[in-house]
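Data block for run15.csv (CSV, C-alpha atoms):
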```
chain,number,residue,atom,x,y,z
D,66,MET,CA,38.7,-16.3,-4.7
D,67,ILE,CA,36.1,-16.0,-2.0
D,68,PRO,CA,37.0,-13.6,0.8
D,69,ALA,CA,37.1,-14.8,4.3
D,70,PRO,CA,34.3,-12.8,6.0
D,71,ASP,CA,33.8,-12.4,9.8
D,72,PRO,CA,30.2,-13.4,10.4
D,73,GLY,CA,30.5,-13.0,14.2
D,74,GLY,CA,28.4,-15.0,16.6
D,75,PRO,CA,29.5,-18.5,17.5
D,76,TRP,CA,31.4,-19.1,14.2
D,77,ARG,CA,35.1,-19.9,14.1
D,78,PRO,CA,37.3,-18.0,11.6
D,79,VAL,CA,36.2,-18.9,8.1
D,80,GLU,CA,38.7,-21.2,6.4
D,81,VAL,CA,38.9,-20.6,2.6
D,82,PHE,CA,40.5,-23.3,0.3
D,83,ASP,CA,41.4,-22.9,-3.3
D,84,ARG,CA,40.5,-26.5,-4.0
D,85,VAL,CA,39.1,-29.5,-2.0
D,86,ASP,CA,37.7,-32.9,-2.7
D,87,SER,CA,34.5,-32.0,-0.7
D,88,THR,CA,33.8,-29.3,1.8
D,89,ASN,CA,31.8,-31.8,3.9
D,90,ALA,CA,34.7,-34.3,3.8
D,91,GLU,CA,37.2,-31.5,4.8
D,92,ALA,CA,34.9,-30.3,7.6
D,93,ALA,CA,34.5,-33.9,8.9
D,94,ARG,CA,38.3,-34.4,9.1
D,95,ARG,CA,38.4,-31.9,12.0
D,96,PRO,CA,34.8,-31.5,13.1
D,97,ASP,CA,35.2,-28.7,15.6
D,98,PRO,CA,31.9,-27.1,16.5
D,99,TRP,CA,31.2,-24.0,14.6
D,100,ARG,CA,34.0,-24.6,12.1
D,101,VAL,CA,33.4,-23.1,8.6
D,102,VAL,CA,35.0,-24.5,5.4
D,103,VAL,CA,34.7,-22.8,2.1
D,104,ALA,CA,36.2,-23.8,-1.3
D,105,ASP,CA,36.4,-22.1,-4.6
D,106,VAL,CA,36.7,-25.4,-6.4
D,107,GLN,CA,35.1,-28.6,-5.1
D,108,GLU,CA,36.0,-31.7,-7.1
D,109,GLN,CA,34.1,-34.5,-5.4
D,110,GLY,CA,31.1,-32.8,-3.7
D,111,ARG,CA,28.1,-34.9,-2.9
D,112,GLY,CA,24.4,-34.2,-2.7
D,113,ARG,CA,21.6,-36.2,-1.3
D,114,LEU,CA,21.3,-39.9,-2.5
D,115,GLY,CA,24.9,-39.9,-3.5
D,116,ARG,CA,24.6,-37.4,-6.3
D,117,GLY,CA,27.7,-35.6,-7.4
D,118,TRP,CA,28.1,-31.8,-7.2
D,119,VAL,CA,31.3,-30.1,-8.5
D,120,THR,CA,32.2,-26.5,-8.9
D,121,THR,CA,34.3,-24.4,-11.2
D,122,PRO,CA,36.3,-21.3,-10.2
D,123,GLY,CA,34.2,-18.3,-9.5
D,124,GLN,CA,30.9,-19.9,-10.3
D,125,ALA,CA,29.4,-21.2,-7.1
D,126,LEU,CA,29.5,-21.0,-3.3
D,127,ALA,CA,30.5,-24.3,-1.7
D,128,VAL,CA,30.5,-24.2,2.1
D,129,SER,CA,30.3,-26.7,5.0
D,130,VAL,CA,29.8,-25.9,8.7
D,131,VAL,CA,30.0,-28.0,11.8
D,132,ILE,CA,27.3,-27.4,14.4
D,133,PRO,CA,26.3,-29.1,17.6
D,134,PRO,CA,22.9,-30.8,17.2
D,135,PRO,CA,20.2,-28.8,18.8
D,136,PRO,CA,18.7,-30.7,21.8
D,137,GLY,CA,15.4,-32.3,21.0
D,138,SER,CA,15.3,-31.1,17.4
D,139,PRO,CA,17.7,-33.1,15.2
D,140,GLY,CA,15.2,-33.6,12.4
D,141,TRP,CA,14.9,-29.8,12.0
D,142,VAL,CA,18.6,-29.1,11.3
D,143,PRO,CA,18.4,-29.7,7.5
D,144,LEU,CA,15.2,-27.7,7.3
D,145,VAL,CA,16.5,-24.8,9.3
D,146,ALA,CA,19.7,-24.7,7.1
D,147,GLY,CA,17.5,-24.5,4.0
D,148,LEU,CA,15.5,-21.7,5.5
D,149,ALA,CA,18.7,-19.8,6.4
D,150,LEU,CA,20.0,-20.1,2.9
D,151,SER,CA,16.7,-19.0,1.3
D,152,ARG,CA,16.7,-15.9,3.5
D,153,ALA,CA,20.3,-15.1,2.6
D,154,VAL,CA,19.5,-15.4,-1.1
D,155,ALA,CA,16.6,-13.0,-0.7
D,156,GLN,CA,18.6,-10.5,1.4
D,157,VAL,CA,21.8,-10.4,-0.7
D,158,ALA,CA,20.7,-11.2,-4.2
D,159,GLY,CA,17.1,-9.9,-4.0
D,160,VAL,CA,15.9,-13.1,-5.6
D,161,PRO,CA,12.7,-14.6,-4.1
D,162,ALA,CA,13.3,-18.2,-2.9
D,163,ALA,CA,11.1,-21.1,-2.1
D,164,LEU,CA,11.9,-24.3,-0.4
D,165,LYS,CA,11.3,-27.9,-1.6
D,166,TRP,CA,11.2,-30.2,1.4
D,167,PRO,CA,13.5,-30.7,3.1
D,168,ASN,CA,16.0,-28.0,1.9
D,169,ASP,CA,16.3,-27.6,-1.8
D,170,VAL,CA,16.2,-23.8,-2.6
D,171,LEU,CA,14.1,-23.0,-5.7
D,172,ALA,CA,14.0,-19.9,-7.8
D,173,PRO,CA,10.4,-19.0,-8.8
D,174,THR,CA,11.8,-16.3,-11.1
D,175,ASP,CA,13.3,-19.1,-13.3
D,176,GLY,CA,10.5,-21.7,-13.4
D,177,ASP,CA,11.1,-23.0,-9.9
D,178,ARG,CA,14.4,-24.5,-11.0
D,179,LYS,CA,16.8,-25.6,-8.3
D,180,LEU,CA,19.2,-22.9,-7.1
D,181,ALA,CA,20.9,-24.6,-4.2
D,182,GLY,CA,20.9,-27.7,-2.1
D,183,LEU,CA,22.2,-28.9,1.2
D,184,LEU,CA,23.5,-32.1,2.7
D,185,CYS,CA,23.6,-32.8,6.4
D,186,GLU,CA,25.7,-35.6,7.9
D,187,ARG,CA,26.2,-36.7,11.5
D,188,VAL,CA,29.8,-37.1,12.6
D,189,GLY,CA,31.0,-38.8,15.8
D,190,SER,CA,28.9,-40.2,18.6
D,191,ALA,CA,27.2,-38.9,21.7
D,192,PRO,CA,28.2,-36.8,23.6
D,193,ASP,CA,30.5,-35.5,21.0
D,194,GLU,CA,28.3,-35.9,18.0
D,195,VAL,CA,28.1,-32.9,15.6
D,196,VAL,CA,26.3,-32.2,12.3
D,197,VAL,CA,28.2,-31.2,9.2
D,198,VAL,CA,25.9,-29.1,7.0
D,199,GLY,CA,27.1,-28.8,3.4
D,200,CYS,CA,25.7,-26.1,1.1
D,201,GLY,CA,26.1,-25.5,-2.6
D,202,VAL,CA,24.7,-22.5,-4.4
D,203,ASN,CA,24.9,-21.9,-8.1
D,204,VAL,CA,25.9,-18.3,-8.4
D,205,ALA,CA,27.2,-17.2,-11.8
D,206,GLN,CA,26.6,-20.1,-14.2
D,207,ASP,CA,24.9,-19.6,-17.5
D,208,ARG,CA,22.5,-22.2,-18.8
D,209,ALA,CA,25.2,-24.2,-20.6
D,210,GLY,CA,27.2,-24.4,-17.4
D,211,LEU,CA,24.6,-26.3,-15.5
D,212,PRO,CA,24.3,-30.1,-15.5
D,213,VAL,CA,20.5,-30.4,-15.9
D,214,ASP,CA,17.7,-28.2,-17.2
D,215,THR,CA,16.0,-28.3,-13.8
D,216,ALA,CA,18.9,-26.3,-12.3
D,217,THR,CA,19.5,-22.5,-12.3
D,218,SER,CA,21.8,-19.9,-10.9
D,219,LEU,CA,21.5,-16.5,-9.2
D,220,ALA,CA,22.6,-15.0,-12.5
D,221,LEU,CA,19.9,-16.7,-14.4
D,222,ALA,CA,17.3,-16.0,-11.7
D,223,GLY,CA,17.9,-12.2,-12.1
D,224,ALA,CA,20.9,-11.5,-9.9
D,225,PRO,CA,24.1,-11.4,-12.0
D,226,GLY,CA,27.2,-10.3,-10.1
D,227,THR,CA,26.1,-11.6,-6.7
D,228,ASP,CA,29.0,-11.3,-4.2
D,229,ARG,CA,29.7,-14.7,-2.8
D,230,GLY,CA,31.4,-13.3,0.3
D,231,ARG,CA,28.3,-11.3,1.2
D,232,LEU,CA,26.1,-14.3,0.5
D,233,LEU,CA,28.2,-16.5,2.8
D,234,THR,CA,28.1,-13.9,5.6
D,235,ALA,CA,24.3,-13.6,5.4
D,236,TYR,CA,23.9,-17.4,5.4
D,237,LEU,CA,26.0,-17.9,8.4
D,238,ARG,CA,24.3,-15.1,10.4
D,239,HIS,CA,20.8,-16.4,9.5
D,240,LEU,CA,21.8,-20.0,10.3
D,241,ALA,CA,23.2,-19.1,13.8
D,242,ALA,CA,20.1,-17.0,14.5
D,243,LEU,CA,17.7,-19.7,13.5
D,244,LEU,CA,19.5,-22.4,15.5
D,245,GLY,CA,19.3,-20.1,18.5
D,246,ASP,CA,15.6,-19.6,17.9
D,247,LEU,CA,15.1,-23.3,17.5
D,248,ALA,CA,16.3,-23.8,21.1
D,249,THR,CA,14.2,-20.9,22.6
D,250,ASP,CA,11.1,-20.7,20.4
D,251,PRO,CA,10.9,-23.8,18.2
D,252,ALA,CA,7.2,-23.2,17.2
D,253,ALA,CA,8.1,-19.9,15.6
D,254,VAL,CA,10.9,-21.5,13.6
D,255,HIS,CA,8.6,-24.4,12.5
D,256,ASP,CA,6.0,-21.9,11.3
D,257,ALA,CA,8.5,-19.8,9.4
D,258,TYR,CA,9.8,-22.9,7.6
D,259,ARG,CA,6.2,-24.0,6.7
D,260,ALA,CA,5.4,-20.6,5.3
D,261,ALA,CA,8.5,-20.8,3.0
D,262,CYS,CA,8.0,-24.4,1.9
D,263,ALA,CA,6.5,-24.7,-1.5
D,264,THR,CA,6.0,-28.5,-1.0
D,265,VAL,CA,3.1,-28.1,1.4
D,266,GLY,CA,-0.1,-28.2,-0.5
D,267,ALA,CA,1.5,-29.7,-3.6
D,268,THR,CA,0.9,-33.2,-5.1
D,269,VAL,CA,4.2,-35.0,-4.7
D,270,ARG,CA,5.8,-38.2,-5.5
D,271,VAL,CA,8.3,-39.5,-2.9
D,272,HIS,CA,10.9,-42.0,-3.9
D,273,GLU,CA,12.1,-44.3,-1.1
D,274,PRO,CA,14.2,-47.4,-1.2
D,275,GLY,CA,12.0,-50.1,-2.8
D,276,HIS,CA,8.9,-48.1,-3.3
D,277,THR,CA,7.2,-44.8,-4.3
D,278,VAL,CA,4.5,-43.0,-2.5
D,279,GLU,CA,2.2,-40.3,-4.2
D,280,GLY,CA,-0.1,-38.0,-2.4
D,281,VAL,CA,-0.8,-34.4,-1.3
D,282,ALA,CA,1.8,-32.9,1.0
D,283,SER,CA,-0.5,-31.7,3.8
D,284,ALA,CA,2.0,-30.5,6.5
D,285,VAL,CA,5.4,-30.6,8.0
D,286,ASP,CA,5.1,-32.1,11.5
D,287,GLU,CA,6.8,-31.2,14.8
D,288,GLU,CA,9.6,-33.7,14.0
D,289,GLY,CA,10.3,-32.1,10.6
D,290,ARG,CA,8.7,-34.9,8.7
D,291,LEU,CA,6.7,-34.3,5.5
D,292,CYS,CA,3.1,-35.6,6.0
D,293,LEU,CA,1.1,-36.8,3.0
D,294,ARG,CA,-2.5,-37.6,2.3
D,295,THR,CA,-2.5,-40.7,0.1
D,296,ALA,CA,-5.2,-42.9,-1.3
D,297,GLU,CA,-4.3,-45.4,1.4
D,298,GLY,CA,-4.3,-42.9,4.3
D,299,GLY,CA,-1.8,-40.7,6.0
D,300,TYR,CA,2.0,-41.2,5.5
D,301,ALA,CA,4.9,-39.4,7.0
D,302,VAL,CA,8.3,-39.1,5.3
D,303,ALA,CA,11.5,-38.6,7.4
D,304,ALA,CA,13.9,-38.8,4.4
D,305,GLY,CA,13.5,-39.4,0.7
D,306,ASP,CA,13.6,-37.8,-2.7
D,307,VAL,CA,10.6,-35.6,-3.1
D,308,VAL,CA,9.4,-34.7,-6.7
D,309,HIS,CA,6.8,-32.1,-7.2
D,310,VAL,CA,4.1,-33.3,-9.6
D,311,ARG,CA,2.3,-30.7,-11.6
D,312,ARG,CA,-1.5,-30.5,-11.0
D,313,ALA,CA,-3.7,-31.6,-13.8
D,314,GLY,CA,-4.6,-28.6,-16.0
```
Could you rewrite the structure in this file as C-alpha coordinates?
Amino acid sequence: MIPAPDPGGPWRPVEVFDRVDSTNAEAARRPDPWRVVVADVQEQGRGRLGRGWVTTPGQALAVSVVIPPPPGSPGWVPLVAGLALSRAVAQVAGVPAALKWPNDVLAPTDGDRKLAGLLCERVGSAPDEVVVVGCGVNVAQDRAGLPVDTATSLALAGAPGTDRGRLLTAYLRHLAALLGDLATDPAAVHDAYRAACATVGATVRVHEPGHTVEGVASAVDEEGRLCLRTAEGGYAVAAGDVVHVRRAG
(Lines of atoms letter the chains of each structure in order from A and count residues from 1; the text may use other names and numbers.)
(Lines give C-alpha, C1' and ligand atoms only; values in the text may rest on other atoms or scores of the structure.)
Protein backbone atom coordinates (compact mmCIF):
# COMPACT_ATOMS: atom_id res chain seq x y z
CA MET A 1 0.00 0.00 0.00
CA ILE A 2 1.13 3.54 -0.75
CA PRO A 3 1.32 5.73 2.37
CA ALA A 4 -0.67 8.97 2.49
CA PRO A 5 2.00 11.67 2.71
CA ASP A 6 1.44 15.29 3.65
CA PRO A 7 2.97 17.36 0.84
CA GLY A 8 1.82 20.66 2.33
CA GLY A 9 1.13 23.68 0.18
CA PRO A 10 -2.32 23.94 -1.39
CA TRP A 11 -3.00 20.19 -1.49
CA ARG A 12 -5.92 18.58 0.31
CA PRO A 13 -5.22 15.42 2.34
CA VAL A 14 -4.07 12.62 0.04
CA GLU A 15 -6.78 10.00 -0.55
CA VAL A 16 -5.36 6.49 -0.99
CA PHE A 17 -7.50 3.73 -2.51
CA ASP A 18 -6.69 0.03 -2.67
CA ARG A 19 -8.39 -0.26 -6.06
CA VAL A 20 -10.19 2.07 -8.49
CA ASP A 21 -11.34 1.94 -12.08
CA SER A 22 -9.33 5.05 -12.95
CA THR A 23 -7.77 7.70 -10.73
CA ASN A 24 -8.82 10.36 -13.24
CA ALA A 25 -12.41 9.11 -13.16
CA GLU A 26 -12.38 9.02 -9.36
CA ALA A 27 -10.98 12.55 -9.15
CA ALA A 28 -13.58 13.82 -11.65
CA ARG A 29 -16.45 12.43 -9.57
CA ARG A 30 -15.69 15.05 -6.93
CA PRO A 31 -13.45 17.61 -8.63
CA ASP A 32 -12.56 19.76 -5.63
CA PRO A 33 -9.55 21.98 -6.39
CA TRP A 34 -6.28 20.55 -5.06
CA ARG A 35 -7.77 17.10 -4.44
CA VAL A 36 -5.27 14.19 -4.66
CA VAL A 37 -6.34 10.63 -5.51
CA VAL A 38 -3.88 7.71 -5.37
CA ALA A 39 -4.55 4.03 -6.05
CA ASP A 40 -2.47 0.91 -5.58
CA VAL A 41 -4.43 -0.88 -8.30
CA GLN A 42 -5.96 0.88 -11.31
CA GLU A 43 -8.07 -1.36 -13.53
CA GLN A 44 -9.31 0.95 -16.29
CA GLY A 45 -6.74 3.72 -16.46
CA ARG A 46 -6.44 5.72 -19.65
CA GLY A 47 -3.56 7.36 -21.45
CA ARG A 48 -3.59 9.77 -24.32
CA LEU A 49 -5.51 8.78 -27.49
CA GLY A 50 -7.62 6.36 -25.47
CA ARG A 51 -4.80 3.95 -24.66
CA GLY A 52 -5.26 1.73 -21.62
CA TRP A 53 -2.96 1.82 -18.58
CA VAL A 54 -3.50 -0.62 -15.72
CA THR A 55 -1.43 -1.28 -12.61
CA THR A 56 -0.68 -4.28 -10.42
CA PRO A 57 -0.19 -4.06 -6.64
CA GLY A 58 3.08 -2.51 -5.54
CA GLN A 59 4.43 -1.99 -9.05
CA ALA A 60 3.51 1.57 -10.06
CA LEU A 61 2.38 4.98 -8.91
CA ALA A 62 -1.05 6.03 -10.19
CA VAL A 63 -2.17 9.47 -9.03
CA SER A 64 -4.60 12.13 -10.22
CA VAL A 65 -4.85 15.69 -8.94
CA VAL A 66 -7.41 18.42 -9.47
CA ILE A 67 -6.05 21.88 -10.12
CA PRO A 68 -7.63 25.21 -11.04
CA PRO A 69 -6.47 26.22 -14.54
CA PRO A 70 -3.73 28.86 -14.37
CA PRO A 71 -4.99 32.15 -15.84
CA GLY A 72 -3.70 32.69 -19.35
CA SER A 73 -1.68 29.46 -19.51
CA PRO A 74 -4.03 26.49 -20.06
CA GLY A 75 -1.80 24.97 -22.74
CA TRP A 76 1.09 24.76 -20.31
CA VAL A 77 -0.61 22.61 -17.67
CA PRO A 78 0.32 19.25 -19.29
CA LEU A 79 3.87 20.42 -19.91
CA VAL A 80 4.37 21.71 -16.37
CA ALA A 81 3.02 18.46 -14.93
CA GLY A 82 5.55 16.49 -16.97
CA LEU A 83 8.36 18.77 -15.82
CA ALA A 84 7.31 18.35 -12.18
CA LEU A 85 7.32 14.57 -12.53
CA SER A 86 10.71 14.51 -14.23
CA ARG A 87 12.16 16.58 -11.39
CA ALA A 88 10.61 14.26 -8.79
CA VAL A 89 12.09 11.20 -10.52
CA ALA A 90 15.56 12.77 -10.56
CA GLN A 91 15.29 13.92 -6.94
CA VAL A 92 13.93 10.72 -5.36
CA ALA A 93 15.22 7.95 -7.62
CA GLY A 94 18.39 9.61 -8.89
CA VAL A 95 17.40 8.67 -12.43
CA PRO A 96 18.02 11.31 -15.12
CA ALA A 97 14.79 12.02 -16.98
CA ALA A 98 14.01 13.65 -20.31
CA LEU A 99 10.67 14.84 -21.64
CA LYS A 100 9.03 13.94 -24.93
CA TRP A 101 6.55 16.67 -25.80
CA PRO A 102 4.12 17.21 -24.29
CA ASN A 103 4.75 15.20 -21.12
CA ASP A 104 6.01 11.64 -21.57
CA VAL A 105 8.92 11.03 -19.18
CA LEU A 106 11.79 9.10 -20.77
CA ALA A 107 14.71 7.28 -19.14
CA PRO A 108 17.99 7.91 -21.01
CA THR A 109 19.64 5.23 -18.84
CA ASP A 110 17.39 2.61 -20.47
CA GLY A 111 17.43 3.53 -24.13
CA ASP A 112 15.07 6.50 -23.81
CA ARG A 113 12.20 4.14 -23.02
CA LYS A 114 9.01 5.59 -21.57
CA LEU A 115 9.02 5.70 -17.78
CA ALA A 116 5.81 7.64 -17.18
CA GLY A 117 3.02 9.50 -18.87
CA LEU A 118 0.32 11.99 -17.99
CA LEU A 119 -3.22 12.69 -19.11
CA CYS A 120 -4.92 16.05 -18.52
CA GLU A 121 -8.69 16.45 -18.78
CA ARG A 122 -10.87 19.52 -18.28
CA VAL A 123 -13.85 19.05 -16.01
CA GLY A 124 -16.77 21.45 -15.59
CA SER A 125 -17.26 24.84 -17.18
CA ALA A 126 -16.21 28.40 -16.40
CA PRO A 127 -15.99 29.80 -13.81
CA ASP A 128 -15.81 26.46 -12.03
CA GLU A 129 -13.70 24.58 -14.59
CA VAL A 130 -10.79 22.55 -13.24
CA VAL A 131 -8.13 20.33 -14.76
CA VAL A 132 -7.70 16.71 -13.69
CA VAL A 133 -4.06 15.69 -14.16
CA GLY A 134 -3.50 11.94 -14.18
CA CYS A 135 -0.01 10.53 -13.77
CA GLY A 136 1.27 6.98 -14.10
CA VAL A 137 4.84 5.98 -13.23
CA ASN A 138 6.27 2.50 -13.77
CA VAL A 139 8.21 1.88 -10.55
CA ALA A 140 9.10 -1.75 -9.88
CA GLN A 141 8.24 -3.75 -13.01
CA ASP A 142 10.74 -6.06 -14.63
CA ARG A 143 10.92 -6.28 -18.43
CA ALA A 144 8.34 -9.08 -18.58
CA GLY A 145 5.89 -7.02 -16.56
CA LEU A 146 5.71 -4.17 -19.09
CA PRO A 147 3.25 -4.15 -22.00
CA VAL A 148 5.64 -2.97 -24.75
CA ASP A 149 9.39 -2.95 -25.35
CA THR A 150 9.40 0.85 -25.51
CA ALA A 151 8.40 1.08 -21.82
CA THR A 152 10.64 0.92 -18.78
CA SER A 153 10.46 1.28 -15.00
CA LEU A 154 12.54 2.97 -12.34
CA ALA A 155 13.87 -0.45 -11.36
CA LEU A 156 15.07 -1.12 -14.91
CA ALA A 157 16.44 2.42 -15.28
CA GLY A 158 18.74 1.95 -12.30
CA ALA A 159 16.63 2.68 -9.21
CA PRO A 160 15.23 -0.53 -7.69
CA GLY A 161 13.41 -0.09 -4.41
CA THR A 162 12.17 3.46 -5.10
CA ASP A 163 9.71 4.52 -2.41
CA ARG A 164 6.39 5.46 -4.01
CA GLY A 165 5.35 7.67 -1.10
CA ARG A 166 8.49 9.79 -1.38
CA LEU A 167 8.07 9.99 -5.15
CA LEU A 168 4.46 11.14 -4.75
CA THR A 169 5.41 13.80 -2.20
CA ALA A 170 8.18 15.17 -4.42
CA TYR A 171 5.88 15.26 -7.45
CA LEU A 172 3.16 17.18 -5.62
CA ARG A 173 5.62 19.69 -4.21
CA HIS A 174 7.29 20.30 -7.57
CA LEU A 175 3.92 20.60 -9.30
CA ALA A 176 2.58 23.16 -6.81
CA ALA A 177 5.80 25.18 -7.05
CA LEU A 178 5.82 25.18 -10.84
CA LEU A 179 2.16 26.17 -11.04
CA GLY A 180 2.91 29.07 -8.73
CA ASP A 181 5.89 30.08 -10.85
CA LEU A 182 3.76 29.79 -13.99
CA ALA A 183 1.56 32.56 -12.59
CA THR A 184 4.41 34.84 -11.45
CA ASP A 185 7.29 34.13 -13.84
CA PRO A 186 5.99 32.17 -16.83
CA ALA A 187 9.06 32.83 -18.98
CA ALA A 188 11.31 31.03 -16.49
CA VAL A 189 8.99 28.00 -16.43
CA HIS A 190 8.83 27.92 -20.22
CA ASP A 191 12.62 27.99 -20.46
CA ALA A 192 12.99 25.24 -17.86
CA TYR A 193 10.62 22.99 -19.79
CA ARG A 194 12.39 23.65 -23.08
CA ALA A 195 15.73 22.75 -21.51
CA ALA A 196 14.33 19.40 -20.33
CA CYS A 197 12.46 18.56 -23.55
CA ALA A 198 14.32 16.02 -25.69
CA THR A 199 11.88 16.58 -28.55
CA VAL A 200 13.29 20.01 -29.42
CA GLY A 201 15.94 19.56 -32.10
CA ALA A 202 14.79 16.05 -33.05
CA THR A 203 13.25 14.90 -36.29
CA VAL A 204 9.73 13.83 -35.40
CA ARG A 205 6.63 12.39 -36.94
CA VAL A 206 3.33 13.79 -35.62
CA HIS A 207 0.18 11.71 -36.02
CA GLU A 208 -3.00 13.77 -36.11
CA PRO A 209 -6.51 12.73 -37.12
CA GLY A 210 -6.45 12.09 -40.85
CA HIS A 211 -2.85 12.94 -41.58
CA THR A 212 0.79 12.76 -40.49
CA VAL A 213 3.34 15.57 -40.42
CA GLU A 214 7.11 15.07 -40.37
CA GLY A 215 9.78 17.66 -39.68
CA VAL A 216 12.32 19.01 -37.24
CA ALA A 217 10.97 20.13 -33.88
CA SER A 218 12.41 23.62 -33.66
CA ALA A 219 10.77 25.09 -30.55
CA VAL A 220 8.00 25.06 -27.99
CA ASP A 221 6.14 28.35 -28.33
CA GLU A 222 4.55 30.60 -25.70
CA GLU A 223 1.28 28.68 -25.90
CA GLY A 224 2.99 25.34 -25.26
CA ARG A 225 2.66 24.20 -28.89
CA LEU A 226 5.38 22.17 -30.61
CA CYS A 227 6.74 24.05 -33.64
CA LEU A 228 8.06 22.09 -36.62
CA ARG A 229 10.11 22.98 -39.67
CA THR A 230 8.69 20.88 -42.49
CA ALA A 231 9.33 20.70 -46.23
CA GLU A 232 6.17 22.77 -46.68
CA GLY A 233 7.09 25.40 -44.08
CA GLY A 234 6.33 26.01 -40.43
CA TYR A 235 3.75 23.95 -38.54
CA ALA A 236 2.54 24.17 -34.93
CA VAL A 237 1.06 21.24 -33.02
CA ALA A 238 -1.26 21.82 -30.07
CA ALA A 239 -2.05 18.13 -29.54
CA GLY A 240 -1.06 14.93 -31.24
CA ASP A 241 0.97 11.79 -30.97
CA VAL A 242 4.64 12.67 -31.38
CA VAL A 243 7.04 9.93 -32.43
CA HIS A 244 10.78 10.57 -32.32
CA VAL A 245 12.45 9.52 -35.56
CA ARG A 246 16.07 8.42 -35.41
CA ARG A 247 18.43 10.53 -37.47
CA ALA A 248 20.04 8.85 -40.45
CA GLY A 249 23.38 7.29 -39.50
Which of D:Val254, D:Pro167, D:Asp228, D:Thr121 sits closest to Gly305 in chain D [using only C-alpha atoms]: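 Among the listed residues, the smallest separation from Gly305 in chain D belongs to D:Pro167.
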Nearby residues (only C-alpha atoms) at most 8 Å from range 208-210 of chain D, same-chain spacing under 4 positions excluded, as a list in words: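 Final neighbour list, sorted by chain and number: Asp214, Thr217 and Leu221 of chain D.
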Shell of 12 Å around Arg94 in chain D, only C-alpha atoms, local chain residues under 4 positions omitted, as a PyMOL selection string: chain D and resi 86-90+100+102+129+131+188-189+197
Distance query range 156-163 of chain D at most 10 Å, only C-alpha atoms, self and fewer than 6 positions along chain excluded, as an MDAnalysis selection string: chainID D and resid 147:148 150 169:174 177 179:180 204 219:220 222:229 231:236 258 260:264
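Of the residues listed (D:Arg84, D:Gly73, D:Pro251, D:Trp166), D:Trp166 shows the shortest atom-to-atom separation from Val285 in chain D; distances use only C-alpha atoms.
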Spatial neighbours of range 293-298 of chain D, max dist 6 Å, all atoms listed in the file, sep filter under 5 positions, as JSON, numbers by chain: {"D": [280, 281, 282, 283]}
Selected residue, from D:Ala93, D:Leu126, D:Ile132, D:Cys292, that lies nearest to Val196 in chain D when counting all atoms listed in the file: D:Ile132
Best match for closeness to Gly201 in chain D among D:Arg290, D:Val130, D:Pro135, D:Ala241, counting only C-alpha atoms: D:Val130
Closest of D:Pro96, D:Ser138, D:Val79, D:Ala205 to Asp250 in chain D - atom-to-atom distances counting all atoms listed in the file: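 Closest to Asp250 in chain D, using all atoms listed in the file: D:Ser138.
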